[in-house]
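One file, model_7.csv, is given below (CSV, C-alpha atoms).
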chain,number,residue,atom,x,y,z
A,15,SER,CA,-17.8,-133.1,219.7
A,16,VAL,CA,-21.4,-133.8,218.5
A,17,ASP,CA,-24.3,-131.4,218.8
A,18,VAL,CA,-27.7,-132.7,217.9
A,19,PRO,CA,-30.4,-130.1,218.7
A,20,GLY,CA,-33.4,-131.4,220.6
A,21,LEU,CA,-31.8,-134.3,222.4
A,22,GLU,CA,-31.7,-134.4,226.1
A,23,LYS,CA,-28.4,-134.2,227.9
A,24,ASP,CA,-27.3,-134.9,231.5
A,25,THR,CA,-25.5,-132.4,233.7
A,26,ALA,CA,-22.1,-133.6,232.3
A,27,GLY,CA,-23.3,-132.8,228.7
A,28,ASN,CA,-23.7,-136.4,227.6
A,29,TYR,CA,-26.7,-137.4,225.6
A,30,VAL,CA,-29.2,-139.6,227.5
A,31,GLU,CA,-31.3,-140.6,224.5
A,32,PRO,CA,-30.5,-142.0,221.0
A,33,ILE,CA,-30.9,-139.9,217.9
A,34,GLY,CA,-33.5,-142.4,216.9
A,35,PHE,CA,-34.7,-144.8,214.2
A,36,ASN,CA,-34.6,-143.6,210.6
A,37,LYS,CA,-33.2,-140.2,211.6
A,38,ASP,CA,-29.8,-138.9,210.4
A,39,PRO,CA,-29.5,-135.2,211.2
A,40,LEU,CA,-25.7,-135.4,211.2
A,41,LYS,CA,-25.7,-137.1,207.7
A,42,ILE,CA,-23.7,-140.0,209.0
A,43,PHE,CA,-24.6,-142.0,205.9
A,44,GLN,CA,-24.3,-140.5,202.4
A,45,VAL,CA,-24.1,-141.8,198.9
A,46,VAL,CA,-21.0,-140.2,197.2
A,47,THR,CA,-18.7,-140.7,194.3
A,48,GLU,CA,-15.4,-142.2,195.5
A,49,ASP,CA,-12.7,-143.3,193.0
A,50,GLY,CA,-15.1,-142.7,190.2
A,51,GLU,CA,-17.9,-145.0,191.5
A,52,ALA,CA,-20.9,-144.7,193.8
A,53,ALA,CA,-20.2,-145.6,197.4
A,54,VAL,CA,-21.8,-145.2,200.8
A,55,LYS,CA,-19.7,-142.8,202.9
A,56,VAL,CA,-20.0,-143.4,206.7
A,57,SER,CA,-18.7,-140.6,208.8
A,58,GLY,CA,-18.4,-142.6,212.0
A,59,GLN,CA,-19.2,-139.5,214.1
A,60,VAL,CA,-21.7,-141.4,216.2
A,61,ASN,CA,-22.4,-145.1,216.7
A,62,GLY,CA,-25.2,-146.4,214.5
A,63,SER,CA,-25.9,-148.6,211.5
A,64,LEU,CA,-27.2,-148.7,208.0
A,65,ALA,CA,-29.4,-151.8,208.0
A,66,THR,CA,-31.4,-153.9,205.6
A,67,GLN,CA,-35.1,-154.0,206.1
A,68,ALA,CA,-35.2,-157.6,204.8
A,69,GLU,CA,-33.8,-160.7,206.6
A,70,PHE,CA,-31.5,-163.0,204.7
A,71,GLU,CA,-30.8,-166.7,205.1
A,72,ASN,CA,-28.5,-169.0,203.1
A,73,TYR,CA,-26.6,-166.4,201.2
A,74,HIS,CA,-23.2,-165.1,200.0
A,75,PHE,CA,-22.7,-161.3,200.7
A,76,ARG,CA,-19.8,-159.4,199.2
A,77,MET,CA,-18.7,-155.8,199.4
A,78,GLN,CA,-15.6,-153.5,199.2
A,79,VAL,CA,-14.4,-151.4,202.1
A,80,LYS,CA,-11.9,-148.5,202.2
A,81,TRP,CA,-10.9,-146.3,205.1
A,82,GLY,CA,-11.4,-142.5,205.0
A,83,GLU,CA,-9.2,-140.0,206.8
A,84,LYS,CA,-11.4,-138.8,209.7
A,85,LYS,CA,-11.5,-140.4,213.2
A,86,TRP,CA,-13.7,-139.7,216.1
A,87,VAL,CA,-11.7,-141.8,218.5
A,88,PRO,CA,-8.3,-141.3,220.1
A,89,GLU,CA,-5.4,-141.3,217.6
A,90,ASN,CA,-3.9,-144.4,219.2
A,91,GLN,CA,-7.1,-146.5,218.6
A,92,ASN,CA,-7.5,-148.4,215.3
A,93,ARG,CA,-10.0,-147.4,212.8
A,94,ASN,CA,-13.2,-149.4,213.4
A,95,SER,CA,-16.4,-150.5,211.7
A,96,GLY,CA,-18.1,-153.8,211.1
A,97,LEU,CA,-20.4,-156.1,209.1
A,98,LEU,CA,-23.1,-157.4,211.4
A,99,TYR,CA,-25.3,-160.3,210.2
A,100,HIS,CA,-28.1,-162.5,211.4
A,101,GLY,CA,-29.4,-159.3,213.2
A,102,THR,CA,-32.5,-160.1,215.3
A,103,GLY,CA,-34.7,-158.5,218.0
A,104,ASP,CA,-34.5,-154.9,218.9
A,105,TYR,CA,-31.9,-152.3,218.2
A,106,GLY,CA,-29.9,-151.3,221.2
A,107,VAL,CA,-29.4,-154.8,222.6
A,108,GLY,CA,-25.8,-154.9,221.2
A,109,LEU,CA,-23.7,-152.4,223.1
A,110,GLY,CA,-26.7,-150.0,223.4
A,111,VAL,CA,-26.8,-149.5,219.6
A,112,TRP,CA,-27.1,-152.5,217.4
A,113,LYS,CA,-29.3,-155.6,217.1
A,114,GLN,CA,-27.9,-158.8,218.6
A,115,SER,CA,-26.0,-160.4,215.8
A,116,HIS,CA,-22.7,-161.9,214.7
A,117,GLU,CA,-20.0,-159.6,213.5
A,118,CYS,CA,-17.4,-160.0,210.8
A,119,GLN,CA,-15.0,-157.4,212.2
A,120,VAL,CA,-13.9,-154.5,209.9
A,121,MET,CA,-11.2,-152.9,212.0
A,122,GLU,CA,-7.6,-152.1,211.2
A,123,THR,CA,-5.4,-155.2,211.8
A,124,MET,CA,-8.5,-157.2,212.7
A,125,PHE,CA,-10.5,-157.7,209.4
A,126,GLY,CA,-12.4,-161.0,209.7
A,127,ASP,CA,-12.3,-161.4,213.5
A,128,SER,CA,-15.5,-162.9,214.9
A,129,TYR,CA,-17.5,-161.1,217.5
A,130,ARG,CA,-20.8,-161.9,219.4
A,131,MET,CA,-22.9,-158.7,219.4
A,132,GLY,CA,-25.4,-159.0,222.2
A,133,ASP,CA,-26.6,-162.4,223.4
A,134,THR,CA,-25.5,-164.6,220.5
A,135,TYR,CA,-23.4,-167.7,220.5
A,136,CYS,CA,-21.5,-170.0,218.2
A,137,SER,CA,-18.6,-172.6,218.2
A,138,ILE,CA,-15.3,-172.1,216.5
A,139,GLN,CA,-12.3,-174.3,216.0
A,140,ALA,CA,-9.8,-172.3,218.0
A,141,SER,CA,-6.8,-172.4,220.2
A,142,VAL,CA,-4.7,-169.9,222.3
A,143,PRO,CA,-1.2,-169.5,220.8
A,144,GLU,CA,1.7,-169.5,223.1
A,145,GLY,CA,2.2,-166.1,224.7
A,146,GLU,CA,-1.3,-165.0,223.7
A,147,LYS,CA,-4.4,-164.5,225.8
A,148,ARG,CA,-7.1,-164.5,223.1
A,149,TYR,CA,-8.4,-167.5,221.1
A,150,VAL,CA,-7.4,-167.6,217.4
A,151,TYR,CA,-9.2,-169.5,214.7
A,152,ASP,CA,-7.4,-172.8,214.2
A,153,PRO,CA,-8.9,-175.3,211.7
A,154,ASN,CA,-6.9,-178.1,213.4
A,155,ALA,CA,-8.2,-177.4,216.9
A,156,GLU,CA,-11.3,-178.6,218.8
A,157,LEU,CA,-14.5,-176.6,218.8
A,158,VAL,CA,-14.7,-173.9,221.5
A,159,GLU,CA,-18.0,-172.2,222.5
A,160,PHE,CA,-18.1,-168.4,222.2
A,161,GLY,CA,-20.5,-166.0,223.7
A,162,GLN,CA,-21.3,-164.3,227.0
A,163,ASP,CA,-19.8,-166.3,229.9
A,164,LYS,CA,-18.6,-169.1,227.5
A,165,GLN,CA,-15.1,-170.5,227.4
A,166,GLY,CA,-14.0,-168.4,224.4
A,167,GLY,CA,-15.6,-165.2,225.5
A,168,LYS,CA,-17.1,-162.9,222.8
A,169,ILE,CA,-14.2,-162.6,220.4
A,170,CYS,CA,-12.2,-165.0,218.3
A,171,SER,CA,-9.3,-163.6,216.3
A,172,LYS,CA,-8.8,-164.5,212.6
A,173,ASN,CA,-5.8,-166.7,211.8
A,174,VAL,CA,-4.7,-164.8,208.7
A,175,THR,CA,-4.1,-161.1,208.3
A,176,ASN,CA,-4.8,-160.2,204.7
A,177,GLU,CA,-5.7,-156.5,204.7
A,178,LYS,CA,-4.6,-154.0,202.2
A,179,PRO,CA,-2.8,-150.7,203.1
A,180,ARG,CA,-5.0,-147.9,204.2
A,181,GLY,CA,-6.5,-146.1,201.3
A,182,GLU,CA,-7.0,-149.2,199.2
A,183,TRP,CA,-10.2,-151.2,198.8
A,184,ASN,CA,-10.6,-154.5,200.7
A,185,THR,CA,-13.1,-157.1,199.6
A,186,VAL,CA,-15.1,-158.5,202.5
A,187,GLU,CA,-17.3,-161.6,202.1
A,188,ILE,CA,-19.5,-163.8,204.3
A,189,ILE,CA,-21.1,-167.1,203.3
A,190,CYS,CA,-23.9,-168.2,205.5
A,191,VAL,CA,-25.7,-171.6,205.2
A,192,GLY,CA,-27.8,-172.9,208.1
A,193,THR,CA,-26.0,-172.2,211.3
A,194,LYS,CA,-22.5,-172.0,209.7
A,195,SER,CA,-20.8,-168.9,208.4
A,196,VAL,CA,-17.5,-168.2,206.8
A,197,HIS,CA,-15.5,-164.9,206.8
A,198,ILE,CA,-13.4,-164.2,203.7
A,199,ILE,CA,-11.0,-161.2,203.4
A,200,ASN,CA,-9.5,-160.4,200.0
A,201,GLY,CA,-10.2,-163.9,198.8
A,202,VAL,CA,-8.7,-165.7,201.9
A,203,VAL,CA,-10.8,-167.6,204.4
A,204,ASN,CA,-9.8,-166.6,207.9
A,205,MET,CA,-12.7,-167.6,210.1
A,206,ILE,CA,-15.5,-170.3,210.2
A,207,ASN,CA,-18.3,-170.1,212.8
A,208,GLU,CA,-20.5,-173.0,213.5
A,209,ASP,CA,-23.7,-173.8,215.6
A,210,SER,CA,-25.0,-170.2,215.5
A,211,HIS,CA,-27.7,-169.8,218.2
A,212,LEU,CA,-29.4,-167.7,220.8
A,213,LEU,CA,-30.3,-168.8,224.3
A,214,VAL,CA,-34.0,-168.3,225.1
A,215,ASN,CA,-35.0,-169.2,228.6
A,216,GLY,CA,-31.9,-171.3,228.8
A,217,GLN,CA,-32.7,-173.3,225.6
A,218,LYS,CA,-30.7,-173.1,222.4
A,219,LYS,CA,-32.6,-171.5,219.5
A,220,PRO,CA,-30.8,-171.8,216.1
A,221,LEU,CA,-29.8,-168.4,214.6
A,222,SER,CA,-29.6,-168.8,210.8
A,223,LYS,CA,-31.1,-165.6,209.4
A,224,GLY,CA,-31.5,-161.9,210.1
A,225,ASN,CA,-30.8,-158.5,208.7
A,226,ILE,CA,-27.4,-157.0,207.8
A,227,GLN,CA,-26.0,-153.9,209.5
A,228,LEU,CA,-23.1,-151.8,208.4
A,229,GLN,CA,-21.6,-150.0,211.4
A,230,SER,CA,-20.8,-146.4,212.0
A,231,GLU,CA,-18.2,-146.7,214.9
A,232,GLY,CA,-15.8,-143.8,215.3
A,233,SER,CA,-14.1,-143.8,211.9
A,234,GLU,CA,-14.8,-142.6,208.4
A,235,VAL,CA,-15.2,-145.5,206.0
A,236,PHE,CA,-16.6,-146.2,202.5
A,237,PHE,CA,-18.6,-149.2,201.3
A,238,ARG,CA,-19.3,-150.0,197.7
A,239,LYS,CA,-20.2,-152.9,195.3
A,240,MET,CA,-22.5,-154.5,197.9
A,241,GLU,CA,-23.9,-157.7,196.4
A,242,ILE,CA,-25.9,-160.6,197.7
A,243,ARG,CA,-27.0,-163.9,196.2
A,244,SER,CA,-28.7,-167.1,197.5
A,245,VAL,CA,-26.7,-170.2,198.0
A,246,ASP,CA,-27.5,-173.7,199.2
A,247,GLU,CA,-24.1,-174.9,200.2
A,248,ILE,CA,-20.7,-173.6,201.3
A,249,PRO,CA,-18.1,-174.2,198.6
Could you write out this structure as structure tokens?
Amino acid sequence: SVDVPGLEKDTAGNYVEPIGFNKDPLKIFQVVTEDGEAAVKVSGQVNGSLATQAEFENYHFRMQVKWGEKKWVPENQNRNSGLLYHGTGDYGVGLGVWKQSHECQVMETMFGDSYRMGDTYCSIQASVPEGEKRYVYDPNAELVEFGQDKQGGKICSKNVTNEKPRGEWNTVEIICVGTKSVHIINGVVNMINEDSHLLVNGQKKPLSKGNIQLQSEGSEVFFRKMEIRSVDEIP
């Protein structure tokens, strides 16, 4: 349970307003020492984000991620967080919390999945494997449109599972150049997104930059060694 003094609740005891911007009464985000090094500990108790003030374009971002022990979701649900990039517009457009953006999924068994947060779109080479219902990244397939009401829907699954056991650090990278982005998990490419864009009054608007958000989403997680550099091409 979560108790935040001063926030309005409905008759069922559910909060009807957000904690707010630049407020952290529950200490969801803390800098701690983990495995002998500085890290950002995210409790996951409520949904939110630690976001950059700056926008980034044409860059290579890298960080290390490790799960903690606590969960605020049912035990049968996977631990969940995420790396959101090209964040634009207002907070709350994405699932009532985050900016509209693209997501490199950080979720048990799903590291590197591609998700459309809010009203964003892209194309991915993808196919539906036999016996499956969801599109999977396939470098030999045709491009499929992803986004709200598009052929692929909002999610494309990665084609390689390359996560380390719980308790070990995973290296998560994204490389973004123009309207193309690559997801890399522990040194292995498992997703390429192309033609990143928004729809504004029915017209495509390229989406090639924005802020970066690290999610608090129901699970304790640690982030460390967050690094970013400018690039002008994808290797």
(request) With a distance cut-off of 10 Å and only C-alpha atoms, select the neighbouring residues of Val158 in chain A, excluding the residue or stretch itself and same-chain residues fewer than 5 positions from it, and output the selection as a ChimeraX atom specification. (result) /A:136-141,149,151,164-167,170,208
(request) Quote the spacing between CA of Val203 in chain A and CA of Lys168 in chain A in Å to one decimal place. (result)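 Separation of CA of Val203 in chain A and CA of Lys168 in chain A: 20.0 Å.
Minimum distance to Val196 in chain A across A:Cys118, A:Val111, A:Val60, A:Val54 (counting all atoms listed in the file) occurs at A:Cys118.
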How close does range 62-109 of chain A get to range 35-38 of chain A? List, as JSON lines, each residue of range 62-109 of chain A within 12 Å, its nearest atom pair and the distance in Å to one decimal, counting all atoms listed in the file.
{"residue": "A:Gly62", "atom": "CA", "partner": "A:Phe35", "partner_atom": "CA", "distance": 9.6}
{"residue": "A:Ser63", "atom": "CA", "partner": "A:Phe35", "partner_atom": "CA", "distance": 10.0}
{"residue": "A:Leu64", "atom": "CA", "partner": "A:Asn36", "partner_atom": "CA", "distance": 9.4}
{"residue": "A:Ala65", "atom": "CA", "partner": "A:Asn36", "partner_atom": "CA", "distance": 10.1}
{"residue": "A:Thr66", "atom": "CA", "partner": "A:Asn36", "partner_atom": "CA", "distance": 11.9}
{"residue": "A:Gln67", "atom": "CA", "partner": "A:Asn36", "partner_atom": "CA", "distance": 11.3}
{"residue": "A:Asp104", "atom": "CA", "partner": "A:Phe35", "partner_atom": "CA", "distance": 11.1}
{"residue": "A:Tyr105", "atom": "CA", "partner": "A:Phe35", "partner_atom": "CA", "distance": 8.9}
{"residue": "A:Gly106", "atom": "CA", "partner": "A:Phe35", "partner_atom": "CA", "distance": 10.7}
(request) Extract, using all atoms listed in the file, all DNA, RNA and protein residues at most 6 Å from range 72-88 of chain A, discarding same-chain residues fewer than 3 positions from it, and format them as number ranges by chain. (result) A: 59, 91, 181-191, 232-245
How about saving the chosen residues, C-alpha atoms kept, as a short mmCIF file (atom, residue, chain, number, x, y, z; two decimals), in the frame of the given file?
data_model
loop_
_atom_site.label_atom_id
_atom_site.label_comp_id
_atom_site.auth_asym_id
_atom_site.auth_seq_id
_atom_site.Cartn_x
_atom_site.Cartn_y
_atom_site.Cartn_z
CA GLN A 59 -19.20 -139.50 214.10
CA GLN A 91 -7.10 -146.50 218.60
CA GLY A 181 -6.50 -146.10 201.30
CA GLU A 182 -7.00 -149.20 199.20
CA TRP A 183 -10.20 -151.20 198.80
CA ASN A 184 -10.60 -154.50 200.70
CA THR A 185 -13.10 -157.10 199.60
CA VAL A 186 -15.10 -158.50 202.50
CA GLU A 187 -17.30 -161.60 202.10
CA ILE A 188 -19.50 -163.80 204.30
CA ILE A 189 -21.10 -167.10 203.30
CA CYS A 190 -23.90 -168.20 205.50
CA VAL A 191 -25.70 -171.60 205.20
CA GLY A 232 -15.80 -143.80 215.30
CA SER A 233 -14.10 -143.80 211.90
CA GLU A 234 -14.80 -142.60 208.40
CA VAL A 235 -15.20 -145.50 206.00
CA PHE A 236 -16.60 -146.20 202.50
CA PHE A 237 -18.60 -149.20 201.30
CA ARG A 238 -19.30 -150.00 197.70
CA LYS A 239 -20.20 -152.90 195.30
CA MET A 240 -22.50 -154.50 197.90
CA GLU A 241 -23.90 -157.70 196.40
CA ILE A 242 -25.90 -160.60 197.70
CA ARG A 243 -27.00 -163.90 196.20
CA SER A 244 -28.70 -167.10 197.50
CA VAL A 245 -26.70 -170.20 198.00
#
(request) Please indicate the distance in Å from CA of Lys147 in chain A to CA of Met131 in chain A, rounded to one decimal place. (result)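 Taking CA of Lys147 in chain A and CA of Met131 in chain A, their separation equals 20.4 Å.
Distances from A:Asp152, A:Asp246, A:Trp112, A:Glu122 to Asn90 in chain A were compared using only C-alpha atoms, and the smallest one belongs to A:Glu122.
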(message) My list of candidates is A:Arg180, A:His100, A:Arg148, A:Arg93. Which is closest to Met121 in chain A when distances are computed with all atoms listed in the file?
(response) A:Arg93
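Proximity ranking of A:Asn28, A:Ser210, A:Leu98, A:Val45 relative to Ser57 in chain A places A:Val45 first, based on all atoms listed in the file.
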With N, CA, C and O atoms as the goal, would you fill in the gaps in range 88-106 of chain A and present it as an mmCIF file, in the frame of the given file?
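Saved file part-v1.cif follows:
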data_model
loop_
_atom_site.group_PDB
_atom_site.id
_atom_site.type_symbol
_atom_site.label_atom_id
_atom_site.label_comp_id
_atom_site.auth_asym_id
_atom_site.auth_seq_id
_atom_site.Cartn_x
_atom_site.Cartn_y
_atom_site.Cartn_z
ATOM 1 N N PRO A 88 -9.686 -141.658 219.900
ATOM 2 C CA PRO A 88 -8.300 -141.300 220.100
ATOM 3 C C PRO A 88 -7.363 -141.785 219.014
ATOM 4 O O PRO A 88 -7.581 -142.868 218.462
ATOM 5 N N GLU A 89 -6.337 -141.033 218.726
ATOM 6 C CA GLU A 89 -5.400 -141.300 217.600
ATOM 7 C C GLU A 89 -4.786 -142.703 217.768
ATOM 8 O O GLU A 89 -4.463 -143.362 216.778
ATOM 9 N N ASN A 90 -4.601 -143.145 219.015
ATOM 10 C CA ASN A 90 -3.900 -144.400 219.200
ATOM 11 C C ASN A 90 -4.876 -145.626 219.068
ATOM 12 O O ASN A 90 -4.455 -146.775 219.221
ATOM 13 N N GLN A 91 -6.158 -145.379 218.784
ATOM 14 C CA GLN A 91 -7.100 -146.500 218.600
ATOM 15 C C GLN A 91 -7.218 -146.758 217.063
ATOM 16 O O GLN A 91 -7.203 -145.845 216.235
ATOM 17 N N ASN A 92 -7.346 -148.044 216.728
ATOM 18 C CA ASN A 92 -7.500 -148.400 215.300
ATOM 19 C C ASN A 92 -8.810 -147.970 214.750
ATOM 20 O O ASN A 92 -9.812 -147.864 215.456
ATOM 21 N N ARG A 93 -8.795 -147.689 213.455
ATOM 22 C CA ARG A 93 -10.000 -147.400 212.800
ATOM 23 C C ARG A 93 -10.967 -148.593 212.851
ATOM 24 O O ARG A 93 -10.521 -149.729 212.762
ATOM 25 N N ASN A 94 -12.277 -148.314 212.995
ATOM 26 C CA ASN A 94 -13.200 -149.400 213.400
ATOM 27 C C ASN A 94 -14.529 -149.237 212.629
ATOM 28 O O ASN A 94 -15.045 -148.133 212.456
ATOM 29 N N SER A 95 -15.069 -150.360 212.192
ATOM 30 C CA SER A 95 -16.400 -150.500 211.700
ATOM 31 C C SER A 95 -16.777 -151.949 211.774
ATOM 32 O O SER A 95 -16.165 -152.676 212.565
ATOM 33 N N GLY A 96 -17.750 -152.411 211.023
ATOM 34 C CA GLY A 96 -18.100 -153.800 211.100
ATOM 35 C C GLY A 96 -19.234 -154.209 210.204
ATOM 36 O O GLY A 96 -20.056 -153.369 209.815
ATOM 37 N N LEU A 97 -19.276 -155.487 209.864
ATOM 38 C CA LEU A 97 -20.400 -156.100 209.100
ATOM 39 C C LEU A 97 -21.100 -157.020 210.071
ATOM 40 O O LEU A 97 -20.577 -158.064 210.483
ATOM 41 N N LEU A 98 -22.310 -156.621 210.479
ATOM 42 C CA LEU A 98 -23.100 -157.400 211.400
ATOM 43 C C LEU A 98 -24.158 -158.199 210.580
ATOM 44 O O LEU A 98 -24.809 -157.644 209.694
ATOM 45 N N TYR A 99 -24.300 -159.473 210.909
ATOM 46 C CA TYR A 99 -25.300 -160.300 210.200
ATOM 47 C C TYR A 99 -26.059 -161.183 211.117
ATOM 48 O O TYR A 99 -25.711 -161.339 212.271
ATOM 49 N N HIS A 100 -27.168 -161.721 210.615
ATOM 50 C CA HIS A 100 -28.100 -162.500 211.400
ATOM 51 C C HIS A 100 -28.698 -161.558 212.538
ATOM 52 O O HIS A 100 -28.987 -162.016 213.649
ATOM 53 N N GLY A 101 -28.860 -160.261 212.232
ATOM 54 C CA GLY A 101 -29.400 -159.300 213.200
ATOM 55 C C GLY A 101 -30.849 -159.708 213.556
ATOM 56 O O GLY A 101 -31.680 -159.938 212.677
ATOM 57 N N THR A 102 -31.157 -159.747 214.859
ATOM 58 C CA THR A 102 -32.500 -160.100 215.300
ATOM 59 C C THR A 102 -32.875 -159.382 216.553
ATOM 60 O O THR A 102 -32.017 -158.913 217.304
ATOM 61 N N GLY A 103 -34.173 -159.229 216.774
ATOM 62 C CA GLY A 103 -34.700 -158.500 218.000
ATOM 63 C C GLY A 103 -34.612 -157.028 217.804
ATOM 64 O O GLY A 103 -34.661 -156.491 216.693
ATOM 65 N N ASP A 104 -34.476 -156.338 218.915
ATOM 66 C CA ASP A 104 -34.500 -154.900 218.900
ATOM 67 C C ASP A 104 -33.152 -154.262 218.770
ATOM 68 O O ASP A 104 -32.142 -154.824 219.200
ATOM 69 N N TYR A 105 -33.123 -153.063 218.188
ATOM 70 C CA TYR A 105 -31.900 -152.300 218.200
ATOM 71 C C TYR A 105 -31.591 -151.849 219.614
ATOM 72 O O TYR A 105 -32.483 -151.592 220.401
ATOM 73 N N GLY A 106 -30.292 -151.775 219.921
ATOM 74 C CA GLY A 106 -29.900 -151.300 221.200
ATOM 75 C C GLY A 106 -29.443 -152.466 222.161
ATOM 76 O O GLY A 106 -28.811 -152.218 223.189
#
